[in-house]
There are 2 protein chains.
Amino acid sequence: MIFSKACEYGIRATVYIARQSLNQNRASLKDISREIDSPEAFTAKILQELVRHGIINSVKGATGGFEADVKKMRKIKLMDIVIAIDGDLSDKMCVLGLKKCSSIQPCPVHHKYKSIRKDFQKMLNTTSLSEMSSSLKDGLSWLKI
Amino acid sequence: MIFSKACEYGIRATVYIARQSLNQNRASLKDISREIDSPEAFTAKILQELVRHGIINSVKGATGGFEADVKKMRKIKLMDIVIAIDGDLSDKMCVLGLKKCSSIQPCPVHHKYKSIRKDFQKMLNTTSLSEMSSSLKDGLSWLKI
DNA sequence: TATAAATCAGATGTTTTTATCCGATTAATA
DNA sequence: TATTAATCGGATAAAAACATCTGATTTATA
């Protein structure tokens, strides 16, 4: 629904990697796809994109894998992950798919949706990788099922 | 983003048809796809689905076309159109795509998204075809560009 | 230095969504 | 009754999203 499957996997993978990094553990592709319940090869592609965007780091070779910089986790927001995978959302924000939907040229639900969109964007812009991975570390949230 | 392209076209088409029905005009497929800027043959398929769901009516033959029952417009909600085209949303409501995301087994953004999802569903359940088509009739909203 | 375990990059395959085509049917009207 | 302008239904095509495969490269370690 809201995000592409790739983006869902990307967010879940990033949170899992971050959670492992809080324990100074590197996560291998195999671990990740098992723990977030995603197809391995497809997940690999998404992880590469996240590496290119600097959201996570990869280490090649035996004992390699993926890791997240603990110092950057507070700074990285859910929005950054979404943009890395699904691209800029601003075009896609009209419920009825109009390209130039705005308060000047509103679609029939623009005014009713306005505050919801605003809340949603605020959530994406303020939710950090730090808090998502901490909730997981503390057993307060899930990444599969 | 939120809805499929088919669903966006379906909503826009329904609002246009309803707006014409307020003037006792039937809308032809050609008119509809021109006025909402959608591919004609694809829109035809979507209209058939909406007819099957009783959202709109179709009239065959010359002078035929599509129309909406003015008496039912207050009763028909945006949610009815969405369900007719995209099906039940309740499965697809977790931002991270978890099947059993709930307050008991929440994904890492469940609690942050909860109120937004609620507001969104409320909007779908309370916005009527009547008000969407009226805003269009009154020149207060757009269906293309 | 050979092996094993990992990521990387590009090609390929599958499924779903989006879109089109065409012949059949319906109904108004000249 | 013939023509014309509409919807309907099924088949097909194209594009995008989702997913896999394979060979290359990297690096720890026996």
# chains A, B, ... in the order shown; residues from 1 in each chain; ligands from 1
call {"tool": "closest_atom_pairs", "arguments": {"of": "chain A", "to": "chain D", "cutoff": "6 Å", "atoms": "only C-alpha atoms (C1' of nucleotides)", "output": "CSV"}}
result
residue,atom,partner,partner_atom,distance
A:Phe42,CA,D:DA19,C1',5.8
A:Lys60,CA,D:DT26,C1',5.5
A:Gly61,CA,D:DT27,C1',4.1
A:Ala62,CA,D:DA28,C1',5.4
call {"tool": "residues_around", "arguments": {"residues": "Gly54 in chain A", "least_positions_apart": "4", "cutoff": "10 Å", "atoms": "only C-alpha atoms (C1' of nucleotides)", "output": "ChimeraX atom specification"}}
result
/A:48-50,58,68-69,76,80-81,84
call {"tool": "write_last_selection", "arguments": {"atoms": "C-alpha atoms", "output": "PDB file, in the first residue's frame"}}
result
ATOM      1  CA  GLN A  48      23.199  -1.991  -2.086  1.00  0.00           C
ATOM      2  CA  GLU A  49      20.990   1.027  -2.738  1.00  0.00           C
ATOM      3  CA  LEU A  50      20.975   1.873   0.968  1.00  0.00           C
ATOM      4  CA  SER A  58      28.882  -2.832   3.913  1.00  0.00           C
ATOM      5  CA  ALA A  68      25.074   1.028  10.775  1.00  0.00           C
ATOM      6  CA  ASP A  69      27.065   3.853  12.307  1.00  0.00           C
ATOM      7  CA  ILE A  76      18.998   9.294   9.988  1.00  0.00           C
ATOM      8  CA  ASP A  80      15.830   9.266   4.347  1.00  0.00           C
ATOM      9  CA  ILE A  81      15.288   5.524   3.930  1.00  0.00           C
ATOM     10  CA  ALA A  84      16.596   6.225  -0.919  1.00  0.00           C
TER      11      ALA A  84
END
call {"tool": "select_by_dssp", "arguments": {"residues": "chain A", "states": "alpha helix (DSSP H)", "output": "PyMOL selection string"}}
result
chain A and resi 5-22+29-36+40-52+78-86+110-126+129-137
call {"tool": "residues_around", "arguments": {"residues": "range 12-28 of chain B", "least_positions_apart": "2", "cutoff": "8 Å", "atoms": "only C-alpha atoms (C1' of nucleotides)", "output": "short mmCIF file (atom, residue, chain, number, x, y, z; two decimals) with N, CA and C atoms (P, O5', C5', C4', C3', O3' and C1' of nucleotides), in the first residue's frame"}}
result
data_model
loop_
_atom_site.label_atom_id
_atom_site.label_comp_id
_atom_site.auth_asym_id
_atom_site.auth_seq_id
_atom_site.Cartn_x
_atom_site.Cartn_y
_atom_site.Cartn_z
N LEU A 96 -5.65 11.52 -5.21
CA LEU A 96 -6.28 11.20 -6.49
C LEU A 96 -5.32 11.24 -7.66
N GLU B 8 -7.31 5.58 -8.36
CA GLU B 8 -7.33 7.03 -8.59
C GLU B 8 -8.28 7.38 -9.73
N TYR B 9 -8.14 6.67 -10.85
CA TYR B 9 -9.03 6.92 -11.99
C TYR B 9 -10.47 6.66 -11.58
N GLY B 10 -10.70 5.60 -10.85
CA GLY B 10 -12.05 5.22 -10.43
C GLY B 10 -12.72 6.30 -9.59
N LYS B 30 -16.05 8.52 -23.32
CA LYS B 30 -15.17 9.48 -23.98
C LYS B 30 -15.06 10.77 -23.17
N ASP B 31 -16.22 11.29 -22.77
CA ASP B 31 -16.23 12.50 -21.93
C ASP B 31 -15.42 12.30 -20.66
N ILE B 32 -15.70 11.20 -20.00
CA ILE B 32 -15.07 10.93 -18.71
C ILE B 32 -13.55 10.92 -18.84
N SER B 33 -13.04 10.11 -19.78
CA SER B 33 -11.59 9.97 -19.86
C SER B 33 -10.94 11.29 -20.30
N GLU B 35 -12.18 14.33 -19.45
CA GLU B 35 -12.31 15.28 -18.34
C GLU B 35 -11.48 14.92 -17.11
N ILE B 36 -11.15 13.65 -16.97
CA ILE B 36 -10.30 13.28 -15.82
C ILE B 36 -8.89 12.92 -16.27
N LEU B 47 -14.78 1.39 -14.79
CA LEU B 47 -16.19 1.77 -14.69
C LEU B 47 -17.07 0.53 -14.57
N ILE B 55 -21.92 1.35 -7.46
CA ILE B 55 -21.51 2.74 -7.16
C ILE B 55 -22.10 3.68 -8.21
N ILE B 56 -22.06 3.25 -9.46
CA ILE B 56 -22.64 4.01 -10.57
C ILE B 56 -23.52 3.07 -11.39
N GLY B 64 -26.50 6.44 -24.52
CA GLY B 64 -26.19 5.80 -23.24
C GLY B 64 -25.01 6.47 -22.56
N GLY B 65 -24.52 5.84 -21.50
CA GLY B 65 -23.40 6.39 -20.76
C GLY B 65 -23.48 5.97 -19.31
N PHE B 66 -22.85 6.77 -18.45
CA PHE B 66 -22.82 6.43 -17.03
C PHE B 66 -23.49 7.52 -16.22
N GLU B 67 -24.14 7.11 -15.15
CA GLU B 67 -24.80 8.08 -14.29
C GLU B 67 -24.76 7.62 -12.84
N ALA B 68 -24.97 8.55 -11.94
CA ALA B 68 -24.99 8.23 -10.51
C ALA B 68 -26.34 8.63 -9.95
N ASP B 69 -26.84 7.83 -9.06
CA ASP B 69 -28.14 8.09 -8.44
C ASP B 69 -27.99 9.20 -7.40
N VAL B 70 -28.60 10.33 -7.66
CA VAL B 70 -28.43 11.50 -6.79
C VAL B 70 -28.87 11.19 -5.35
N MET B 73 -26.03 9.48 -3.31
CA MET B 73 -24.71 10.13 -3.22
C MET B 73 -24.26 10.45 -1.81
N LEU B 129 -19.69 10.90 -1.65
CA LEU B 129 -19.69 11.25 -3.08
C LEU B 129 -20.42 12.57 -3.27
N SER B 130 -21.44 12.79 -2.47
CA SER B 130 -22.20 14.03 -2.52
C SER B 130 -21.30 15.25 -2.34
N MET B 132 -18.00 15.44 -2.50
CA MET B 132 -16.93 15.53 -3.51
C MET B 132 -17.46 16.11 -4.82
N SER B 133 -18.64 15.65 -5.23
CA SER B 133 -19.18 16.14 -6.51
C SER B 133 -19.70 17.57 -6.39
N SER B 134 -20.19 17.94 -5.21
CA SER B 134 -20.65 19.31 -5.03
C SER B 134 -19.50 20.30 -5.12
N LEU B 136 -16.94 20.06 -6.79
CA LEU B 136 -16.59 20.18 -8.20
C LEU B 136 -17.60 21.08 -8.93
N LYS B 137 -18.86 20.81 -8.68
CA LYS B 137 -19.93 21.60 -9.30
C LYS B 137 -19.76 23.08 -8.98
N LEU B 143 -10.31 17.89 -11.26
CA LEU B 143 -10.15 16.45 -11.47
C LEU B 143 -9.00 16.11 -12.40
P DA D 6 -21.65 8.69 -28.34
"O5'" DA D 6 -21.84 7.89 -27.02
"C5'" DA D 6 -21.32 6.91 -26.51
"C4'" DA D 6 -22.24 5.77 -26.07
"C3'" DA D 6 -21.41 4.73 -25.31
"O3'" DA D 6 -21.33 5.13 -23.95
"C1'" DA D 6 -22.88 3.70 -26.88
#
call {"tool": "closest_residue", "arguments": {"among": "B:Ile104, B:Leu78, B:Met1, B:Ala6", "to": "chain A", "atoms": "only C-alpha atoms"}}
result
B:Met1
call {"tool": "closest_residue", "arguments": {"among": "A:Ile11, A:Lys144, A:Val51, A:Thr63", "to": "chain C", "atoms": "only C-alpha atoms (C1' of nucleotides)"}}
result
A:Thr63
call {"tool": "atom_distance", "arguments": {"atom1": "CA of Leu29 in chain A", "atom2": "C1' of DC8 in chain C"}}
result
12.6 Å
call {"tool": "residues_around", "arguments": {"residues": "Lys77 in chain B", "least_positions_apart": "4", "cutoff": "6 Å", "atoms": "only C-alpha atoms (C1' of nucleotides)", "output": "list in words"}}
result
Asn125, Thr127, Ser128 and Leu129 of chain B
call {"tool": "write_last_selection", "arguments": {"atoms": "C-alpha atoms", "output": "CSV table (one decimal), in the first residue's frame"}}
result
chain,number,residue,atom,x,y,z
B,125,ASN,CA,-15.5,6.6,5.8
B,127,THR,CA,-16.3,11.7,2.9
B,128,SER,CA,-19.3,11.2,0.7
B,129,LEU,CA,-19.7,11.3,-3.1
call {"tool": "closest_atom_pairs", "arguments": {"of": "chain A", "to": "chain B", "cutoff": "8 Å", "atoms": "only C-alpha atoms", "output": "JSON lines"}}
result
{"residue": "A:Met1", "atom": "CA", "partner": "B:Lys92", "partner_atom": "CA", "distance": 5.7}
{"residue": "A:Ile2", "atom": "CA", "partner": "B:Ile2", "partner_atom": "CA", "distance": 4.7}
{"residue": "A:Phe3", "atom": "CA", "partner": "B:Met1", "partner_atom": "CA", "distance": 6.8}
{"residue": "A:Lys5", "atom": "CA", "partner": "B:Gly97", "partner_atom": "CA", "distance": 7.6}
{"residue": "A:Glu8", "atom": "CA", "partner": "B:Leu96", "partner_atom": "CA", "distance": 4.8}
{"residue": "A:Tyr9", "atom": "CA", "partner": "B:Leu96", "partner_atom": "CA", "distance": 7.5}
{"residue": "A:Ile11", "atom": "CA", "partner": "B:Leu96", "partner_atom": "CA", "distance": 7.2}
{"residue": "A:Arg12", "atom": "CA", "partner": "B:Leu96", "partner_atom": "CA", "distance": 6.9}
{"residue": "A:Lys92", "atom": "CA", "partner": "B:Met1", "partner_atom": "CA", "distance": 5.8}
{"residue": "A:Met93", "atom": "CA", "partner": "B:Met1", "partner_atom": "CA", "distance": 7.2}
{"residue": "A:Val95", "atom": "CA", "partner": "B:Ile2", "partner_atom": "CA", "distance": 6.6}
{"residue": "A:Leu96", "atom": "CA", "partner": "B:Glu8", "partner_atom": "CA", "distance": 4.8}
{"residue": "A:Gly97", "atom": "CA", "partner": "B:Glu8", "partner_atom": "CA", "distance": 6.1}
{"residue": "A:Leu98", "atom": "CA", "partner": "B:Ile145", "partner_atom": "CA", "distance": 5.7}
{"residue": "A:Lys99", "atom": "CA", "partner": "B:Ile145", "partner_atom": "CA", "distance": 5.7}
{"residue": "A:Lys100", "atom": "CA", "partner": "B:Ile145", "partner_atom": "CA", "distance": 5.8}
{"residue": "A:Cys101", "atom": "CA", "partner": "B:Ile145", "partner_atom": "CA", "distance": 7.7}
{"residue": "A:Gln105", "atom": "CA", "partner": "B:Trp142", "partner_atom": "CA", "distance": 6.3}
{"residue": "A:Pro106", "atom": "CA", "partner": "B:Ser141", "partner_atom": "CA", "distance": 5.1}
{"residue": "A:Cys107", "atom": "CA", "partner": "B:Trp142", "partner_atom": "CA", "distance": 4.9}
{"residue": "A:Pro108", "atom": "CA", "partner": "B:Met132", "partner_atom": "CA", "distance": 5.2}
{"residue": "A:Val109", "atom": "CA", "partner": "B:Met132", "partner_atom": "CA", "distance": 7.0}
{"residue": "A:Lys112", "atom": "CA", "partner": "B:Met123", "partner_atom": "CA", "distance": 7.0}
{"residue": "A:Tyr113", "atom": "CA", "partner": "B:Met123", "partner_atom": "CA", "distance": 7.5}
{"residue": "A:Ile116", "atom": "CA", "partner": "B:Ile116", "partner_atom": "CA", "distance": 6.3}
{"residue": "A:Asp119", "atom": "CA", "partner": "B:Ile116", "partner_atom": "CA", "distance": 6.8}
{"residue": "A:Phe120", "atom": "CA", "partner": "B:Ile116", "partner_atom": "CA", "distance": 6.6}
{"residue": "A:Met123", "atom": "CA", "partner": "B:Lys112", "partner_atom": "CA", "distance": 7.0}
{"residue": "A:Met132", "atom": "CA", "partner": "B:Pro108", "partner_atom": "CA", "distance": 5.2}
{"residue": "A:Ser133", "atom": "CA", "partner": "B:Pro108", "partner_atom": "CA", "distance": 7.6}
{"residue": "A:Ser135", "atom": "CA", "partner": "B:Pro108", "partner_atom": "CA", "distance": 6.5}
{"residue": "A:Leu136", "atom": "CA", "partner": "B:Pro108", "partner_atom": "CA", "distance": 6.8}
{"residue": "A:Leu140", "atom": "CA", "partner": "B:Pro106", "partner_atom": "CA", "distance": 7.5}
{"residue": "A:Ser141", "atom": "CA", "partner": "B:Pro106", "partner_atom": "CA", "distance": 5.1}
{"residue": "A:Trp142", "atom": "CA", "partner": "B:Cys107", "partner_atom": "CA", "distance": 4.9}
{"residue": "A:Leu143", "atom": "CA", "partner": "B:Cys107", "partner_atom": "CA", "distance": 6.0}
{"residue": "A:Lys144", "atom": "CA", "partner": "B:Leu98", "partner_atom": "CA", "distance": 6.0}
{"residue": "A:Ile145", "atom": "CA", "partner": "B:Lys99", "partner_atom": "CA", "distance": 5.7}
call {"tool": "atom_distance", "arguments": {"atom1": "CA of His53 in chain B", "atom2": "CA of Ala41 in chain B"}}
result
19.1 Å
call {"tool": "closest_atom_pairs", "arguments": {"of": "chain C", "to": "chain B", "cutoff": "7 Å", "atoms": "only C-alpha atoms (C1' of nucleotides)", "output": "tab-separated table"}}
result
residue	atom	partner	partner_atom	distance
C:DA19	C1'	B:Phe42	CA	5.8
C:DT20	C1'	B:Ala41	CA	6.6
C:DT26	C1'	B:Gly61	CA	4.9
C:DA27	C1'	B:Gly61	CA	4.3
C:DA28	C1'	B:Ala62	CA	5.5
call {"tool": "select_by_dssp", "arguments": {"residues": "range 9-122 of chain B", "states": "strand (DSSP E)", "output": "list in words"}}
result
Asn57, Ser58, Val59, Gly65, Phe66 and Glu67 of chain B
call {"tool": "atom_distance", "arguments": {"atom1": "CA of Gln121 in chain B", "atom2": "CA of Met79 in chain B"}}
result
8.0 Å
